[in-house]
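J.: Pasting in a structure now, in structure tokens, and then I'll have a few things to ask.
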Amino acid sequence: MPISKEEVTKIVSLSNLALTPEETESFSVQLAGIVAYIDQLNELDTANVKAWQQRSAGEAATSFASREDRIEPSLGTEAALSNAPDPDMGHFRVPRVIGG
Amino acid sequence: MTTNLTIDELHKLYASGDARPSEITRAVLERIEQTNERLNTFITINKDAALKQAQAADADIKDALTNKPLAGIPVAVKDNMCTTGLRTTCGSRILGNFIPPYTATAVAKLEAAGAIIIGKTNLDEFAMGSSNENSAFGAVRNPVNEDYVSGGSSGGSAVAVAADLCSVSLGSDTGGSIRQPASFCGVVGLKPTYGRVSRYGLVAFGSSLDQIGPFGKTVRDVARTLGVIAGRDRYDSTSSDEAVPNYLNALTGDIKGLRVGVPPECFGEGLNAEVKTAVEAAIKKLEERGAEIVEITLPHSKYVVAVYYLIATAEASSNLARFDGVRYGYRSETAKTLAEMYPHSRNEGFGAEVKRRIMLGTFALSSGYYDAYYEKAQRVRTMLCNDFAEAFQKCDVIATPTAPTPAFKLGEKVNDPLAMYLDDIYTVTINLIGVPAISVPCGFSSTGLPIGLQLIGNHFDEGRLLNTACA
């Protein structure tokens, strides 16, 4: 299935990206090529095959254990904010949300 | 002071008093400083902390040798594993100044075992790439021939070992990112079973595929390091509580009666002739040492790259949604509103390959395409698992090439993402199935570039796999 430029624009928006027209152009061509390659999967009949699930592969059979829900020490405000681009009085500050 | 030593050789020097951890660490750091401008192996060098740690190790090194398996050993860590207080960039502009407030479990285990973390190695941005050319910090060069790529995405970790900048290093492998650069640089690289090593603190790419593993000059060093980092971790619910054996004890070198499966599908079209010859010669050698060669079939091999690039990108598009410029990482200066801030920060912070994969994954998961792409890929993944389960009825270990060619030239495939993806044809299946696999050097091309043999084991059968690799 070829992938149209309109579809690429939609994907860009769903991906929360903001591409330039040149980027959109080159990604459209590349994605179309990759999707065309991927379409060879249609040669396979998978009607009676179950989708893969983590546990079905036999690995890590004893994992996925649940644990008791106990409150434990966490990072704390200072460390949690230490990498924030714009921290302010114990909060993450962001640009204007409403209007504009 | 020489820097090209294995763990056993260093420990011998420490035991006899002929060298101390601080002397070795200083020599290693000097060599990194001499070579880094050219090879671009490290993004961050942990010089002061490493020297301090090494000096502290000098005092009780003889005691430490008895109970710490990596006592005084300089180790490099791929820059997508969190290290408290030490910058962790993922090779991305979006995390260019990120200083983690916690340490990845695998790295904490290295430190507890006496290792000295000398720095954070270069990688393809967010571990997405097969040549290390996608790093925001520039490509890594192959020390065997500097016009060639190191492989990726753990290119820096492979080169750190190959260029004698450390004895062992850690990488991560989502579709071949340990094994392929190991093959290109002529070192040993192991991707353990999914769940064998905790992923806590490893920046997520494809969560059902990612696994941390070691690089080394020898299988023995890799086995020792795996023993240190393996095991259940309560901070990673997918880590397994399967007991961790002493992998060094498994290295007997005796492979009499071992059944080695060879799938003809991996030796056909697209395989470089010199790689084929070298890998076949290595398989012949296994036979001479007593292994039985069995022909097996992996009938869906031609579909693996398609399946992988749907599942890996779908998981990546979800995992990378967290980079929004709010809590950490890069924030665009140009955005005036919140609605602009997300896409602008992501667009300015991510490189082209990361954007490409986020978009492909978003497409595969989007309404209207989910069934035809993501769901389809997960069904074919089940078929691949069945192929391998059947193959492992007939053999104990599977042998294939690690990569279809030796290292390629820098710039050769940059503009052709699909050609780059096809380089992963022998490695990606292993992550889809979750089994362990190792790349070991098995020869050179006529131009002197290393060639790797990939050996694949069954789930949690790392002991037998490592023993085959050292035979």
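If you're wondering about the labels, chains in the structure tokens are A, B, ... by order shown, residues count from 1 in each chain, ligands from 1 in order shown.
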Could you make a table, as a tab-separated table, of the residues of chain A that have an atom within 6 Å of an atom of chain B, each with its nearest atom pair and distance in Å to one decimal, counting only C-alpha atoms, in chain and number order?
T.:
```
residue	atom	partner	partner_atom	distance
A:Asn16	CA	B:Pro343	CA	4.7
A:Leu17	CA	B:Pro343	CA	4.3
A:Ala18	CA	B:Pro343	CA	5.2
A:Ile38	CA	B:Ala306	CA	4.8
A:Val49	CA	B:Arg379	CA	5.8
A:Lys50	CA	B:Arg379	CA	5.7
A:Ala51	CA	B:Arg379	CA	4.1
A:Trp52	CA	B:Thr382	CA	4.9
A:Ala60	CA	B:Ser240	CA	5.1
A:Ser63	CA	B:Ser240	CA	5.1
A:Phe64	CA	B:Ser237	CA	5.2
A:Asn83	CA	B:Tyr328	CA	4.8
A:Ala84	CA	B:Tyr328	CA	4.4
A:Pro95	CA	B:Thr337	CA	5.0
A:Arg96	CA	B:Thr337	CA	4.7
A:Val97	CA	B:Leu338	CA	5.2
```
J.: Using only C-alpha atoms, which protein or nucleic acid residues come within 10 Å of stretch 13-29 of chain B? Drop anything in the same chain fewer than 6 positions from it, and give the result as a PyMOL selection string.
T.: chain B and resi 1-5+7+35+45-48+50-59+61-63+65-66+71-75+115-119+164-167
J.: Pick the closest to B:Gly411 from B:Phe137, B:Tyr200, B:Phe126, B:Tyr148: which is it, counting only C-alpha atoms?
T.: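 Closest to B:Gly411, using only C-alpha atoms: B:Tyr148.
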J.: Looking only at strand (DSSP E) from DSSP on the backbone, list the matching residues of stretch 210-341 of chain B as a PyMOL selection string.
T.: chain B and resi 211-216+259-262+292-295
J.: Would you save the residues from that selection as an mmCIF file, in the first residue's frame, using N, CA and C atoms?
T.:
```
data_model
loop_
_atom_site.group_PDB
_atom_site.id
_atom_site.type_symbol
_atom_site.label_atom_id
_atom_site.label_comp_id
_atom_site.auth_asym_id
_atom_site.auth_seq_id
_atom_site.Cartn_x
_atom_site.Cartn_y
_atom_site.Cartn_z
ATOM 1 N N GLN B 211 17.641 -5.649 25.627
ATOM 2 C CA GLN B 211 18.366 -6.407 26.636
ATOM 3 C C GLN B 211 19.794 -5.858 26.720
ATOM 4 N N ILE B 212 20.298 -5.742 27.956
ATOM 5 C CA ILE B 212 21.667 -5.290 28.185
ATOM 6 C C ILE B 212 22.600 -6.499 28.126
ATOM 7 N N GLY B 213 23.798 -6.307 27.570
ATOM 8 C CA GLY B 213 24.760 -7.410 27.536
ATOM 9 C C GLY B 213 26.183 -6.895 27.428
ATOM 10 N N PRO B 214 27.157 -7.793 27.667
ATOM 11 C CA PRO B 214 28.570 -7.391 27.684
ATOM 12 C C PRO B 214 29.311 -7.583 26.357
ATOM 13 N N PHE B 215 30.332 -6.736 26.176
ATOM 14 C CA PHE B 215 31.366 -6.909 25.153
ATOM 15 C C PHE B 215 32.663 -7.283 25.859
ATOM 16 N N GLY B 216 33.495 -8.098 25.206
ATOM 17 C CA GLY B 216 34.812 -8.391 25.770
ATOM 18 C C GLY B 216 35.765 -8.831 24.687
ATOM 19 N N ARG B 259 24.831 -30.577 19.322
ATOM 20 C CA ARG B 259 24.171 -30.497 18.013
ATOM 21 C C ARG B 259 24.089 -29.035 17.572
ATOM 22 N N VAL B 260 24.799 -28.710 16.501
ATOM 23 C CA VAL B 260 24.805 -27.335 15.983
ATOM 24 C C VAL B 260 23.906 -27.264 14.747
ATOM 25 N N GLY B 261 22.846 -26.491 14.824
ATOM 26 C CA GLY B 261 21.916 -26.363 13.708
ATOM 27 C C GLY B 261 22.371 -25.285 12.734
ATOM 28 N N VAL B 262 22.301 -25.605 11.443
ATOM 29 C CA VAL B 262 22.675 -24.620 10.420
ATOM 30 C C VAL B 262 21.480 -24.429 9.478
ATOM 31 N N GLU B 292 28.098 -32.094 16.295
ATOM 32 C CA GLU B 292 27.394 -32.714 15.185
ATOM 33 C C GLU B 292 26.628 -31.604 14.454
ATOM 34 N N ILE B 293 26.834 -31.478 13.147
ATOM 35 C CA ILE B 293 26.178 -30.414 12.379
ATOM 36 C C ILE B 293 24.845 -30.941 11.838
ATOM 37 N N VAL B 294 23.780 -30.225 12.129
ATOM 38 C CA VAL B 294 22.438 -30.655 11.733
ATOM 39 C C VAL B 294 21.830 -29.571 10.856
ATOM 40 N N GLU B 295 21.236 -29.968 9.739
ATOM 41 C CA GLU B 295 20.539 -28.943 8.943
ATOM 42 C C GLU B 295 19.153 -28.695 9.537
#
```
J.: Please identify all polymer residues within 10 Å of A:Thr24, counting only C-alpha atoms, omitting same-chain residues fewer than 4 positions from it, and present them as a PyMOL selection string.
T.: chain A and resi 5-6+8-9+12+18-20+28-30
J.: Which residues of stretch 162-215 of chain B come within 10 Å of stretch 390-407 of chain B, and for each one, what is the closest pair of atoms and their distance in Å to one decimal, counting only C-alpha atoms, sorted by chain and residue number, as a Markdown table?
T.:
```
| residue | atom | partner | partner_atom | distance |
| --- | --- | --- | --- | --- |
| B:Gly176 | CA | B:Thr402 | CA | 8.4 |
| B:Arg179 | CA | B:Thr402 | CA | 6.7 |
| B:Gln180 | CA | B:Thr402 | CA | 6.2 |
| B:Pro181 | CA | B:Ala407 | CA | 8.5 |
| B:Ala182 | CA | B:Thr402 | CA | 9.0 |
| B:Ser183 | CA | B:Thr402 | CA | 6.5 |
| B:Phe184 | CA | B:Ala407 | CA | 5.1 |
| B:Cys185 | CA | B:Ala407 | CA | 8.0 |
```
J.: Kindly give the distance, in Å, that separates atom CA of A:Ser13 and atom CA of B:Arg322, rounded to a single decimal.
T.: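 Going from atom CA of A:Ser13 over to atom CA of B:Arg322, I get 15.7 Å.
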J.: Return as a VMD selection string the full set of residues in chain A whose backbone-based DSSP assignment is helix (DSSP H, G or I).
T.: chain A and resid 5 to 14 21 to 43 54 to 57 77 to 81
J.: Could you work out how far atom CA of B:Thr218 lies from atom CA of B:Asn132, giving the answer in Å with one decimal?
T.: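 Interatomic distance, atom CA of B:Asn132 to atom CA of B:Thr218: 23.2 Å.
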